[in-house]
Structure formats: C-alpha cells, structure tokens
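Undergrad: This is the structure I have questions about; it appears just below.
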Amino acid sequence: MKVSKVKIIEKEKIKDLLKEASQEWDVYVPQKFSDGDVWMDQLPEDRQLLDDALENVMLEDADTVISPKDIFFPQLETILKFKDDKILETPEFSQKLIFGIRSCDLKGILFSDDFYSRNFEDIYYKSRMQNRLIVVIGCLKPPRPACFCTSANTGPFAEEGFDLQLVDSGNSYFVETGSKKGQEFIDVHKKFFIESDENFDMTVKEIKIKAYDSIKLKVDFQEALNLMTQDSFIPEENYRRISERCIYCGGCLYVCPTCTCFNVFDNFNDKDKEGERLRNWDACVFEGYTREASGHNPRKEKWLRTARRYEHKLKFDYKLTGMSGCVACGRCLSSCPVNIGMSEFIQEITEKRKIM
Ligand code: SF4
Ligand code: SF4
C-alpha cells in the first residue's frame, strides 16, 4: 500500500487526542496496570476514571500480555438470550478505535477477518469489527525478546491493512496514512497534527531500517512453510518431544493473535424458562476439545494434539489462504512455563537440530 504524505503529532498530544476521540469511539489502547502487566484495554467512559486511565497509557516498549484479539473475540461472551420460545441474538455494535497495536497483531486481525468470514459470517465478530479504525505503532525495538517478525514479514512496521501508523521519532511521531478512514480521522482531529512542508520519507526510511536490524531472533520462516506444506513431511519426532514437555495449560493459545478455537454452552434457568448461550475461548491442545459425544477422541494422544497445533498454523492455514497462522509475535515462547515456542519449532525443522 502506498502511504500518503507523512504528518506529525507530538507525543505530549497523544493523551488529549485519545480523550477527544473517546467522545466518538470506544478506544482500546495499551495500558500499564498496577501489577506491571500491560493490557490492550478499553478507556473508561467516566471522566475521572478516563483521566486516570490516560495516565497509564503506554505505547512504546509495551509488551501486551495477550494479543488484541479479545476486543473482537472476548474470552467469554453472550451470543444470544432466550426466554420461552423467543430468541434474542446479542451482537455488539460500536465504533472501535484500536490505537497502538503492533504490526504483527495487525496481521493477526487481518488473518481473523478472513477466518471469521471464510465459511460462514460470524455476526459477533463482524458486529465488533465492522466499524473500526486501526492505528499501528511500529516497533523501534522488539517489545519481547522472542519476537521474530522480520523472518515472517509481519513487522516491525506494517505495510498494509492499517488506517494510520505511528513512527517514533523522539519527541513526536511521524504519522503514515494507510486509508481514507485514517485520513478522515486526521481531518476531524486536525488540531493535534502538524502539517509539514518538509519531505520526511528518507528519515522514516532510516528509522525503519534501524528498527528492522534490532530484531535479533531470525528463523527460516518461508522454508518452514515450504516443508510443512509437503504432505510427505511429518515431523513426528519433534511433536513427540514437545508433547513430553508440554503441560497442556493452553497458555500459548490464549495469548496467540490467531488462535480462534471456542466452546459454546448454555446457562439455563429452568424455573423462569430463560437463559443465555455463551461462548468462551477453548484450545485445541486440551484433551476435551476433540472428544466426541460417543467418548471417542481422535486426538487422545498428546503428541497428536501438538501436531494439530503446529500443522494448523504452518500448513493448513497457509495452504488454504496463503496466510500463515503464525504472525511471529513470540508470545507463545514468552508465556510458556516450559519454554516451548513456535520459533524453536521452526529452527528445529529447518536446521534439523534439537533445541527443546
Ligand atoms: S504454554 Fe507451553 S506448556 Fe502450556 S500448552 Fe502451550 S506449549 Fe504447552
Ligand atoms: S504461534 Fe506463537 S509466535 Fe506465532 S502468532 Fe501465535 S503466539 Fe505468536
């Protein structure tokens, strides 16, 4: 995507911009909480709470614990309510400003856009995502040591799919416009953006090259995709060794921007003949995920569920859509209690050496 002329916003204006934007949008932005964790969370509507929350906004070096996927695919959501024979679906429509996500997480959203409309239209996803504006912040350095975005072409800056992109230049950000919607946002909030006559293309280019060089973890991502998509290539030994260590906590899947498994269940009040249907995050590594009503489980053995996870990300998604189900954010490795990560798996199969 060709970006239009670069504008500038001073860093000290960001909070005021978010405050003004929150009158029109539900604003999601990384915030640091008292335990030190950084979450992509919604700014509160209450004015006092909003001012407090703005003090906790953290854009640079923000290592958000989980990906922004819970904005459009919450950990737990009510999808319909029912009483007697009446059913009320409960999609959630609101304008969302998703401000300060990383380019790998943007790729995760683009992947999800495809997933949730591929075979059927998921109205809950669609209702949450159809009125959105995405502002990416490029990474001058990796937010977590396990990032390997340059190997997968998913970062440290976005090339498409964003509305606006911030490029850190010290006391201010260069602002790249990636869509008409992004331009309209700038027009509405023009008092925060500085027009410049100078051509900053070279400066932005230099910043991006430096940022690219700061990502030290490199893997042969394309070779891994090539290997995995050969039907004759089955790295069973790797899956078995991972399964010996994996404690099947599901952490890596919950933090992953592209994991979409869910479960659906009903809460029913028999006395009042009413209830609700909910869905919550599930994980393909859990034994119960593939257990059938008969009790038969096609993936009872742990290593088969591990295989499913890696094949889904690096084989089936890629074969079907041309998009990998891994966007190289590194969260799986950062969050795993026994240090299992996608980057190591890729190194093992491409370099044919044991790492884990
Ligand atoms: S976080 Fe680690 S231990 Fe937990 S399921 Fe994932 S790979 Fe297994
Ligand atoms: S598999 Fe790991 S590195 Fe890849 S997108 Fe998911 S959490 Fe990120």
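Chain labels run A, B, ... following the order of the structure tokens; each chain numbers its residues from 1, and ligands are numbered from 1 in the order shown.
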Give me the residues near segment 78-83 of chain A as an MDAnalysis selection string, where near means some atom within 7 Å (using only C-alpha atoms) and where sequence neighbours in that chain fewer than 5 positions away do not count.

TA: chainID A and resid 88:91 273:279

Undergrad: Using DSSP on the backbone, list every residue of segment 77-266 of chain A that comes out as strand (DSSP E), and give them as a ChimeraX atom specification.

TA: /A:77-83,86-89,96-101,132-137,164-168,172-177,262-266

Undergrad: Those residues with N, CA and C atoms, as a JSON list (two decimals), in the first residue's frame please?

TA:
```
[["chain", "number", "residue", "atom", "x", "y", "z"],
["A", 77, "GLU", "N", -18.32, -14.46, 26.08],
["A", 77, "GLU", "CA", -19.34, -13.53, 25.59],
["A", 77, "GLU", "C", -20.69, -14.23, 25.49],
["A", 78, "THR", "N", -21.74, -13.45, 25.71],
["A", 78, "THR", "CA", -23.09, -13.95, 25.49],
["A", 78, "THR", "C", -23.43, -13.75, 24.02],
["A", 79, "ILE", "N", -23.82, -14.83, 23.35],
["A", 79, "ILE", "CA", -24.14, -14.65, 21.92],
["A", 79, "ILE", "C", -25.65, -14.63, 21.67],
["A", 80, "LEU", "N", -26.43, -15.15, 22.61],
["A", 80, "LEU", "CA", -27.87, -14.96, 22.49],
["A", 80, "LEU", "C", -28.54, -15.21, 23.85],
["A", 81, "LYS", "N", -29.74, -14.64, 23.98],
["A", 81, "LYS", "CA", -30.53, -14.86, 25.18],
["A", 81, "LYS", "C", -31.85, -15.49, 24.74],
["A", 82, "PHE", "N", -32.42, -16.31, 25.59],
["A", 82, "PHE", "CA", -33.70, -16.92, 25.21],
["A", 82, "PHE", "C", -34.64, -16.97, 26.41],
["A", 83, "LYS", "N", -35.91, -16.82, 26.10],
["A", 83, "LYS", "CA", -36.96, -16.93, 27.13],
["A", 83, "LYS", "C", -38.15, -17.58, 26.45],
["A", 86, "LYS", "N", -38.71, -17.51, 22.63],
["A", 86, "LYS", "CA", -38.15, -16.32, 21.97],
["A", 86, "LYS", "C", -36.63, -16.30, 22.10],
["A", 87, "ILE", "N", -35.98, -15.94, 20.97],
["A", 87, "ILE", "CA", -34.51, -15.89, 20.96],
["A", 87, "ILE", "C", -34.08, -14.48, 20.58],
["A", 88, "LEU", "N", -33.15, -13.94, 21.35],
["A", 88, "LEU", "CA", -32.62, -12.62, 21.03],
["A", 88, "LEU", "C", -31.10, -12.73, 20.87],
["A", 89, "GLU", "N", -30.63, -12.50, 19.62],
["A", 89, "GLU", "CA", -29.18, -12.51, 19.41],
["A", 89, "GLU", "C", -28.59, -11.21, 19.93],
["A", 96, "LYS", "N", -14.96, 1.27, 17.10],
["A", 96, "LYS", "CA", -13.77, 0.98, 17.91],
["A", 96, "LYS", "C", -12.52, 1.63, 17.31],
["A", 97, "LEU", "N", -11.84, 2.37, 18.15],
["A", 97, "LEU", "CA", -10.54, 2.90, 17.77],
["A", 97, "LEU", "C", -9.50, 2.02, 18.46],
["A", 98, "ILE", "N", -8.78, 1.25, 17.66],
["A", 98, "ILE", "CA", -7.78, 0.33, 18.21],
["A", 98, "ILE", "C", -6.43, 1.02, 18.00],
["A", 99, "PHE", "N", -5.91, 1.58, 19.08],
["A", 99, "PHE", "CA", -4.81, 2.54, 18.99],
["A", 99, "PHE", "C", -3.54, 1.94, 19.61],
["A", 100, "GLY", "N", -2.49, 1.86, 18.80],
["A", 100, "GLY", "CA", -1.20, 1.45, 19.35],
["A", 100, "GLY", "C", -0.96, -0.05, 19.34],
["A", 101, "ILE", "N", -1.52, -0.74, 18.33],
["A", 101, "ILE", "CA", -1.17, -2.16, 18.22],
["A", 101, "ILE", "C", 0.08, -2.31, 17.36],
["A", 132, "ARG", "N", -14.29, 0.00, 12.65],
["A", 132, "ARG", "CA", -13.04, 0.07, 13.40],
["A", 132, "ARG", "C", -12.06, 1.01, 12.70],
["A", 133, "LEU", "N", -11.16, 1.51, 13.50],
["A", 133, "LEU", "CA", -10.06, 2.28, 12.95],
["A", 133, "LEU", "C", -8.80, 1.80, 13.65],
["A", 134, "ILE", "N", -7.82, 1.38, 12.88],
["A", 134, "ILE", "CA", -6.64, 0.77, 13.49],
["A", 134, "ILE", "C", -5.42, 1.67, 13.32],
["A", 135, "VAL", "N", -4.84, 2.01, 14.47],
["A", 135, "VAL", "CA", -3.61, 2.82, 14.48],
["A", 135, "VAL", "C", -2.48, 1.92, 14.97],
["A", 136, "VAL", "N", -1.56, 1.64, 14.08],
["A", 136, "VAL", "CA", -0.41, 0.79, 14.42],
["A", 136, "VAL", "C", 0.71, 1.67, 14.94],
["A", 137, "ILE", "N", 1.46, 1.14, 15.91],
["A", 137, "ILE", "CA", 2.73, 1.80, 16.26],
["A", 137, "ILE", "C", 3.86, 0.85, 15.88],
["A", 164, "LEU", "N", -3.84, 4.19, 10.22],
["A", 164, "LEU", "CA", -2.73, 5.11, 10.49],
["A", 164, "LEU", "C", -1.59, 4.31, 11.10],
["A", 165, "GLN", "N", -0.38, 4.78, 10.89],
["A", 165, "GLN", "CA", 0.76, 4.12, 11.53],
["A", 165, "GLN", "C", 1.69, 5.18, 12.11],
["A", 166, "LEU", "N", 2.06, 4.98, 13.39],
["A", 166, "LEU", "CA", 2.96, 5.90, 14.07],
["A", 166, "LEU", "C", 4.39, 5.42, 13.95],
["A", 167, "VAL", "N", 5.27, 6.36, 13.60],
["A", 167, "VAL", "CA", 6.71, 6.04, 13.51],
["A", 167, "VAL", "C", 7.42, 6.94, 14.51],
["A", 168, "ASP", "N", 7.98, 6.32, 15.54],
["A", 168, "ASP", "CA", 8.57, 7.06, 16.66],
["A", 168, "ASP", "C", 9.81, 7.83, 16.19],
["A", 172, "SER", "N", 8.22, 13.15, 18.98],
["A", 172, "SER", "CA", 6.97, 13.12, 18.22],
["A", 172, "SER", "C", 6.91, 11.83, 17.39],
["A", 173, "TYR", "N", 5.75, 11.65, 16.78],
["A", 173, "TYR", "CA", 5.59, 10.51, 15.86],
["A", 173, "TYR", "C", 5.34, 11.05, 14.46],
["A", 174, "PHE", "N", 5.98, 10.43, 13.46],
["A", 174, "PHE", "CA", 5.52, 10.62, 12.10],
["A", 174, "PHE", "C", 4.25, 9.77, 11.97],
["A", 175, "VAL", "N", 3.28, 10.29, 11.25],
["A", 175, "VAL", "CA", 2.01, 9.55, 11.12],
["A", 175, "VAL", "C", 1.79, 9.22, 9.65],
["A", 176, "GLU", "N", 1.83, 7.94, 9.34],
["A", 176, "GLU", "CA", 1.56, 7.50, 7.96],
["A", 176, "GLU", "C", 0.08, 7.19, 7.82],
["A", 177, "THR", "N", -0.49, 7.61, 6.71],
["A", 177, "THR", "CA", -1.91, 7.36, 6.47],
["A", 177, "THR", "C", -2.04, 6.19, 5.51],
["A", 262, "PHE", "N", -13.12, -22.07, 20.01],
["A", 262, "PHE", "CA", -14.05, -21.68, 21.08],
["A", 262, "PHE", "C", -15.00, -22.81, 21.41],
["A", 263, "ASN", "N", -15.64, -22.68, 22.56],
["A", 263, "ASN", "CA", -16.64, -23.63, 23.02],
["A", 263, "ASN", "C", -17.95, -22.85, 23.21],
["A", 264, "VAL", "N", -19.08, -23.53, 23.06],
["A", 264, "VAL", "CA", -20.37, -22.87, 23.24],
["A", 264, "VAL", "C", -21.17, -23.66, 24.28],
["A", 265, "PHE", "N", -21.78, -22.96, 25.22],
["A", 265, "PHE", "CA", -22.58, -23.64, 26.24],
["A", 265, "PHE", "C", -23.74, -22.75, 26.67],
["A", 266, "ASP", "N", -24.76, -23.39, 27.27],
["A", 266, "ASP", "CA", -25.96, -22.66, 27.70],
["A", 266, "ASP", "C", -26.02, -22.56, 29.22]]
```

Undergrad: Output as a Markdown table one row per residue of chain A within 8 Å of ligand 1: the closest atom pair and its distance in Å to one decimal place, counting only C-alpha atoms and all ligand atoms, sorted by chain and residue number ascending.

TA:
```
| residue | atom | partner | partner_atom_place_in_ligand_line | distance |
| --- | --- | --- | --- | --- |
| A:Ile242 | CA | ligand 1 | 7 (S) | 7.5 |
| A:Ser243 | CA | ligand 1 | 8 (Fe) | 7.5 |
| A:Arg245 | CA | ligand 1 | 3 (S) | 7.0 |
| A:Cys246 | CA | ligand 1 | 8 (Fe) | 3.8 |
| A:Ile247 | CA | ligand 1 | 3 (S) | 4.2 |
| A:Tyr248 | CA | ligand 1 | 5 (S) | 3.7 |
| A:Cys249 | CA | ligand 1 | 4 (Fe) | 3.9 |
| A:Gly250 | CA | ligand 1 | 5 (S) | 3.9 |
| A:Gly251 | CA | ligand 1 | 1 (S) | 4.1 |
| A:Cys252 | CA | ligand 1 | 1 (S) | 4.0 |
| A:Leu253 | CA | ligand 1 | 6 (Fe) | 6.4 |
| A:Val285 | CA | ligand 1 | 5 (S) | 6.5 |
| A:Cys332 | CA | ligand 1 | 1 (S) | 6.3 |
| A:Leu333 | CA | ligand 1 | 2 (Fe) | 7.5 |
| A:Ser335 | CA | ligand 1 | 1 (S) | 6.1 |
| A:Cys336 | CA | ligand 1 | 1 (S) | 3.7 |
| A:Pro337 | CA | ligand 1 | 2 (Fe) | 5.7 |
| A:Val338 | CA | ligand 1 | 2 (Fe) | 5.6 |
| A:Asn339 | CA | ligand 1 | 2 (Fe) | 6.4 |
| A:Ile340 | CA | ligand 1 | 7 (S) | 5.0 |
| A:Gly341 | CA | ligand 1 | 7 (S) | 6.8 |
```

Undergrad: Would you mind listing the residues within 9 Å of ligand 2, counting only C-alpha atoms and all ligand atoms, as a ChimeraX atom specification?

TA: /A:66-67,104-105,108,146-149,252-259,309-310,313-314,324-335,341-343

Undergrad: Using N, CA and C atoms, can you export the residues from the last selection as a compact mmCIF listing (two decimals), in the first residue's frame?

TA:
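Here's the written file part_39.txt:
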```
# COMPACT_ATOMS: atom_id res chain seq x y z
N ILE A 66 -1.58 -10.41 26.32
CA ILE A 66 -2.26 -11.17 25.28
C ILE A 66 -2.46 -10.26 24.07
N SER A 67 -2.76 -10.87 22.95
CA SER A 67 -2.93 -10.09 21.74
C SER A 67 -4.25 -9.32 21.82
N CYS A 104 2.55 -7.04 13.96
CA CYS A 104 2.25 -8.48 13.97
C CYS A 104 0.80 -8.70 14.40
N ASP A 105 0.34 -7.91 15.37
CA ASP A 105 -1.04 -8.06 15.84
C ASP A 105 -2.04 -7.58 14.78
N GLY A 108 -2.49 -10.43 12.69
CA GLY A 108 -3.40 -11.36 13.36
C GLY A 108 -4.86 -10.98 13.12
N ALA A 146 11.43 -12.62 22.28
CA ALA A 146 11.02 -13.75 21.44
C ALA A 146 10.42 -13.32 20.09
N CYS A 147 10.32 -11.99 19.84
CA CYS A 147 9.76 -11.51 18.55
C CYS A 147 10.63 -11.99 17.38
N PHE A 148 9.99 -12.47 16.33
CA PHE A 148 10.77 -12.82 15.13
C PHE A 148 10.04 -12.38 13.85
N CYS A 149 9.44 -11.19 13.94
CA CYS A 149 8.57 -10.70 12.85
C CYS A 149 9.30 -10.49 11.53
N CYS A 252 -0.20 -20.78 25.60
CA CYS A 252 0.31 -20.30 24.30
C CYS A 252 -0.83 -19.99 23.34
N LEU A 253 -1.92 -20.71 23.47
CA LEU A 253 -3.05 -20.50 22.56
C LEU A 253 -3.87 -19.29 22.96
N TYR A 254 -3.99 -19.08 24.27
CA TYR A 254 -4.78 -17.93 24.72
C TYR A 254 -4.11 -16.61 24.35
N VAL A 255 -2.78 -16.59 24.37
CA VAL A 255 -2.10 -15.32 24.06
C VAL A 255 -1.93 -15.11 22.56
N CYS A 256 -2.14 -16.14 21.78
CA CYS A 256 -1.84 -16.07 20.34
C CYS A 256 -2.87 -15.23 19.58
N PRO A 257 -2.41 -14.31 18.73
CA PRO A 257 -3.36 -13.45 18.00
C PRO A 257 -4.22 -14.18 16.98
N THR A 258 -3.82 -15.38 16.57
CA THR A 258 -4.58 -16.06 15.51
C THR A 258 -5.33 -17.29 16.00
N CYS A 259 -5.23 -17.64 17.27
CA CYS A 259 -5.96 -18.81 17.76
C CYS A 259 -7.44 -18.47 17.92
N ARG A 309 -1.73 -28.46 16.44
CA ARG A 309 -1.45 -27.03 16.64
C ARG A 309 -0.46 -26.51 15.61
N TYR A 310 0.66 -27.23 15.44
CA TYR A 310 1.69 -26.73 14.52
C TYR A 310 1.26 -26.85 13.06
N LYS A 313 -1.17 -24.05 12.11
CA LYS A 313 -0.57 -22.73 11.91
C LYS A 313 0.32 -22.66 10.67
N LEU A 314 1.10 -23.70 10.45
CA LEU A 314 2.12 -23.60 9.40
C LEU A 314 1.78 -24.38 8.13
N SER A 324 -0.03 -17.37 6.72
CA SER A 324 0.37 -18.27 7.79
C SER A 324 -0.47 -18.00 9.03
N GLY A 325 -0.75 -19.05 9.79
CA GLY A 325 -1.48 -18.89 11.05
C GLY A 325 -0.57 -18.46 12.19
N CYS A 326 0.69 -18.20 11.87
CA CYS A 326 1.60 -17.63 12.87
C CYS A 326 2.06 -16.28 12.34
N VAL A 327 1.98 -15.26 13.20
CA VAL A 327 2.40 -13.92 12.77
C VAL A 327 3.70 -13.51 13.48
N ALA A 328 4.35 -14.48 14.12
CA ALA A 328 5.70 -14.28 14.67
C ALA A 328 5.77 -13.26 15.80
N CYS A 329 4.72 -13.19 16.62
CA CYS A 329 4.73 -12.23 17.73
C CYS A 329 5.60 -12.69 18.89
N GLY A 330 5.86 -14.00 18.95
CA GLY A 330 6.73 -14.52 20.01
C GLY A 330 6.05 -14.73 21.35
N ARG A 331 4.75 -14.45 21.44
CA ARG A 331 4.07 -14.56 22.74
C ARG A 331 4.04 -16.00 23.26
N CYS A 332 3.95 -16.98 22.35
CA CYS A 332 3.86 -18.37 22.83
C CYS A 332 5.11 -18.71 23.64
N LEU A 333 6.27 -18.31 23.14
CA LEU A 333 7.50 -18.60 23.87
C LEU A 333 7.57 -17.79 25.16
N SER A 334 7.21 -16.53 25.10
CA SER A 334 7.30 -15.68 26.31
C SER A 334 6.39 -16.17 27.41
N SER A 335 5.25 -16.75 27.03
CA SER A 335 4.27 -17.10 28.07
C SER A 335 4.36 -18.55 28.53
N GLY A 341 8.18 -22.76 22.09
CA GLY A 341 7.74 -21.64 21.24
C GLY A 341 7.79 -21.99 19.77
N MET A 342 7.03 -21.26 18.99
CA MET A 342 6.98 -21.51 17.56
C MET A 342 8.35 -21.31 16.89
N SER A 343 9.10 -20.30 17.36
CA SER A 343 10.39 -20.03 16.71
C SER A 343 11.34 -21.22 16.86
```

Undergrad: So that I can check the surroundings of Leu18 of chain A, please list as a list of chain:residue names every protein, DNA and RNA residue that reaches within 12 Å of it, counting only C-alpha atoms and ignoring chain neighbours fewer than 5 positions away.

TA: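 In the requested form, the answer reads A:Lys11, A:Glu12, A:Lys13, A:Gln23, A:Glu24, A:Trp25, A:Asp26, A:Val27, A:Tyr28, A:Val29, A:Pro30, A:Gln42, A:Leu43, A:Pro44, A:Glu45, A:Leu50, A:Asp51, A:Ala53, A:Leu54, A:Glu55, A:Val57, A:Leu97, A:Ile98, A:Phe99, A:Gly100, A:Val135, A:Phe185, A:His189, A:Phe192.
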
Undergrad: Write to file, as a PDB file, in the first residue's frame, the residues of the selection just made, with N, CA and C atoms.

TA:
```
ATOM      1  N   LYS A  11       4.317  13.784  20.949  1.00  0.00           N
ATOM      2  CA  LYS A  11       3.923  12.725  21.893  1.00  0.00           C
ATOM      3  C   LYS A  11       3.052  13.263  23.017  1.00  0.00           C
ATOM      4  N   GLU A  12       3.352  14.489  23.446  1.00  0.00           N
ATOM      5  CA  GLU A  12       2.573  15.024  24.585  1.00  0.00           C
ATOM      6  C   GLU A  12       1.108  15.309  24.208  1.00  0.00           C
ATOM      7  N   LYS A  13       0.802  15.245  22.916  1.00  0.00           N
ATOM      8  CA  LYS A  13      -0.589  15.496  22.483  1.00  0.00           C
ATOM      9  C   LYS A  13      -1.426  14.203  22.424  1.00  0.00           C
ATOM     10  N   GLN A  23     -14.795  10.507  22.829  1.00  0.00           N
ATOM     11  CA  GLN A  23     -16.194  11.000  22.784  1.00  0.00           C
ATOM     12  C   GLN A  23     -16.963  10.341  21.641  1.00  0.00           C
ATOM     13  N   GLU A  24     -16.228   9.852  20.666  1.00  0.00           N
ATOM     14  CA  GLU A  24     -16.874   9.288  19.484  1.00  0.00           C
ATOM     15  C   GLU A  24     -16.662   7.776  19.369  1.00  0.00           C
ATOM     16  N   TRP A  25     -15.523   7.315  19.862  1.00  0.00           N
ATOM     17  CA  TRP A  25     -15.137   5.923  19.686  1.00  0.00           C
ATOM     18  C   TRP A  25     -15.025   5.205  21.029  1.00  0.00           C
ATOM     19  N   ASP A  26     -15.192   3.874  20.997  1.00  0.00           N
ATOM     20  CA  ASP A  26     -14.685   3.055  22.099  1.00  0.00           C
ATOM     21  C   ASP A  26     -13.188   2.916  21.827  1.00  0.00           C
ATOM     22  N   VAL A  27     -12.377   3.437  22.722  1.00  0.00           N
ATOM     23  CA  VAL A  27     -10.937   3.482  22.446  1.00  0.00           C
ATOM     24  C   VAL A  27     -10.225   2.354  23.198  1.00  0.00           C
ATOM     25  N   TYR A  28      -9.469   1.556  22.463  1.00  0.00           N
ATOM     26  CA  TYR A  28      -8.644   0.499  23.050  1.00  0.00           C
ATOM     27  C   TYR A  28      -7.188   0.890  22.859  1.00  0.00           C
ATOM     28  N   VAL A  29      -6.445   0.869  23.956  1.00  0.00           N
ATOM     29  CA  VAL A  29      -5.056   1.333  23.890  1.00  0.00           C
ATOM     30  C   VAL A  29      -4.265   0.592  24.970  1.00  0.00           C
ATOM     31  N   PRO A  30      -2.971   0.305  24.753  1.00  0.00           N
ATOM     32  CA  PRO A  30      -2.201  -0.392  25.795  1.00  0.00           C
ATOM     33  C   PRO A  30      -2.105   0.447  27.069  1.00  0.00           C
ATOM     34  N   GLN A  42      -9.940  -1.129  27.118  1.00  0.00           N
ATOM     35  CA  GLN A  42     -10.800  -0.016  26.698  1.00  0.00           C
ATOM     36  C   GLN A  42     -10.691   1.139  27.696  1.00  0.00           C
ATOM     37  N   LEU A  43     -10.632   2.354  27.184  1.00  0.00           N
ATOM     38  CA  LEU A  43     -10.654   3.514  28.076  1.00  0.00           C
ATOM     39  C   LEU A  43     -12.051   3.658  28.664  1.00  0.00           C
ATOM     40  N   PRO A  44     -12.151   3.975  29.956  1.00  0.00           N
ATOM     41  CA  PRO A  44     -13.478   4.098  30.577  1.00  0.00           C
ATOM     42  C   PRO A  44     -14.214   5.352  30.108  1.00  0.00           C
ATOM     43  N   GLU A  45     -15.557   5.313  30.203  1.00  0.00           N
ATOM     44  CA  GLU A  45     -16.351   6.481  29.798  1.00  0.00           C
ATOM     45  C   GLU A  45     -16.356   7.549  30.881  1.00  0.00           C
ATOM     46  N   LEU A  50     -11.419   8.078  33.236  1.00  0.00           N
ATOM     47  CA  LEU A  50     -10.737   8.249  31.957  1.00  0.00           C
ATOM     48  C   LEU A  50      -9.401   8.964  32.156  1.00  0.00           C
ATOM     49  N   ASP A  51      -9.421  10.040  32.949  1.00  0.00           N
ATOM     50  CA  ASP A  51      -8.164  10.773  33.195  1.00  0.00           C
ATOM     51  C   ASP A  51      -7.123   9.865  33.852  1.00  0.00           C
ATOM     52  N   ALA A  53      -6.982   6.584  33.639  1.00  0.00           N
ATOM     53  CA  ALA A  53      -6.552   5.562  32.676  1.00  0.00           C
ATOM     54  C   ALA A  53      -5.559   6.140  31.665  1.00  0.00           C
ATOM     55  N   LEU A  54      -5.798   7.400  31.281  1.00  0.00           N
ATOM     56  CA  LEU A  54      -4.888   8.019  30.305  1.00  0.00           C
ATOM     57  C   LEU A  54      -3.470   8.134  30.856  1.00  0.00           C
ATOM     58  N   GLU A  55      -3.364   8.278  32.184  1.00  0.00           N
ATOM     59  CA  GLU A  55      -2.032   8.338  32.796  1.00  0.00           C
ATOM     60  C   GLU A  55      -1.297   7.005  32.649  1.00  0.00           C
ATOM     61  N   VAL A  57      -1.551   5.004  29.970  1.00  0.00           N
ATOM     62  CA  VAL A  57      -1.350   4.615  28.563  1.00  0.00           C
ATOM     63  C   VAL A  57       0.137   4.421  28.303  1.00  0.00           C
ATOM     64  N   LEU A  97     -11.844   2.368  18.155  1.00  0.00           N
ATOM     65  CA  LEU A  97     -10.535   2.897  17.770  1.00  0.00           C
ATOM     66  C   LEU A  97      -9.499   2.019  18.461  1.00  0.00           C
ATOM     67  N   ILE A  98      -8.785   1.245  17.656  1.00  0.00           N
ATOM     68  CA  ILE A  98      -7.778   0.330  18.213  1.00  0.00           C
ATOM     69  C   ILE A  98      -6.432   1.017  18.001  1.00  0.00           C
ATOM     70  N   PHE A  99      -5.910   1.578  19.085  1.00  0.00           N
ATOM     71  CA  PHE A  99      -4.806   2.544  18.992  1.00  0.00           C
ATOM     72  C   PHE A  99      -3.539   1.944  19.606  1.00  0.00           C
ATOM     73  N   GLY A 100      -2.495   1.859  18.797  1.00  0.00           N
ATOM     74  CA  GLY A 100      -1.204   1.445  19.349  1.00  0.00           C
ATOM     75  C   GLY A 100      -0.962  -0.051  19.339  1.00  0.00           C
ATOM     76  N   VAL A 135      -4.839   2.012  14.474  1.00  0.00           N
ATOM     77  CA  VAL A 135      -3.611   2.816  14.482  1.00  0.00           C
ATOM     78  C   VAL A 135      -2.478   1.916  14.972  1.00  0.00           C
ATOM     79  N   PHE A 185      -9.916  10.597   9.979  1.00  0.00           N
ATOM     80  CA  PHE A 185      -9.640  10.743  11.418  1.00  0.00           C
ATOM     81  C   PHE A 185      -8.709  11.935  11.646  1.00  0.00           C
ATOM     82  N   HIS A 189      -9.566  15.471  13.694  1.00  0.00           N
ATOM     83  CA  HIS A 189      -8.766  15.861  14.870  1.00  0.00           C
ATOM     84  C   HIS A 189      -7.545  16.666  14.426  1.00  0.00           C
ATOM     85  N   PHE A 192      -4.445  18.353  16.368  1.00  0.00           N
ATOM     86  CA  PHE A 192      -3.348  17.605  17.006  1.00  0.00           C
ATOM     87  C   PHE A 192      -2.208  17.273  16.030  1.00  0.00           C
TER      88      PHE A 192
END
```

Undergrad: Can you work out which one of A:Glu237, A:Lys315, A:Ile355, A:Gly178 has the shortest atom-to-atom distance to Phe162 of chain A, counting only C-alpha atoms?

TA: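 Under the stated criterion, the closest residue is A:Gly178.
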
Undergrad: Any chance you could list, as a ChimeraX atom specification, the residues in segment 178-312 of chain A that come up helix (DSSP H, G or I) when DSSP is run on the backbone?

TA: /A:180-188,190-192,201-214,221-228,236-245,251-255,287-289,302-312

Undergrad: Rank nothing, just name the residue among A:Ser34, A:Ser112, A:Gln75, A:Thr203 nearest to Thr321 of chain A, using only C-alpha atoms.

TA: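 Between A:Ser34, A:Ser112, A:Gln75, A:Thr203, the residue approaching Thr321 of chain A most closely is A:Ser112.
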
Undergrad: Using only C-alpha atoms, can you tell me which of A:Phe316, A:Phe157, A:Tyr212, A:Tyr239 comes closest to Lys302 of chain A?

TA: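 Closest to Lys302 of chain A of all the choices is A:Tyr239.
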
Undergrad: For Pro74 of chain A, which residue among A:Met323, A:Leu217, A:Cys261, A:Ile9 is the nearest when counting only C-alpha atoms?

TA: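 Between A:Met323, A:Leu217, A:Cys261, A:Ile9, the residue approaching Pro74 of chain A most closely is A:Cys261.
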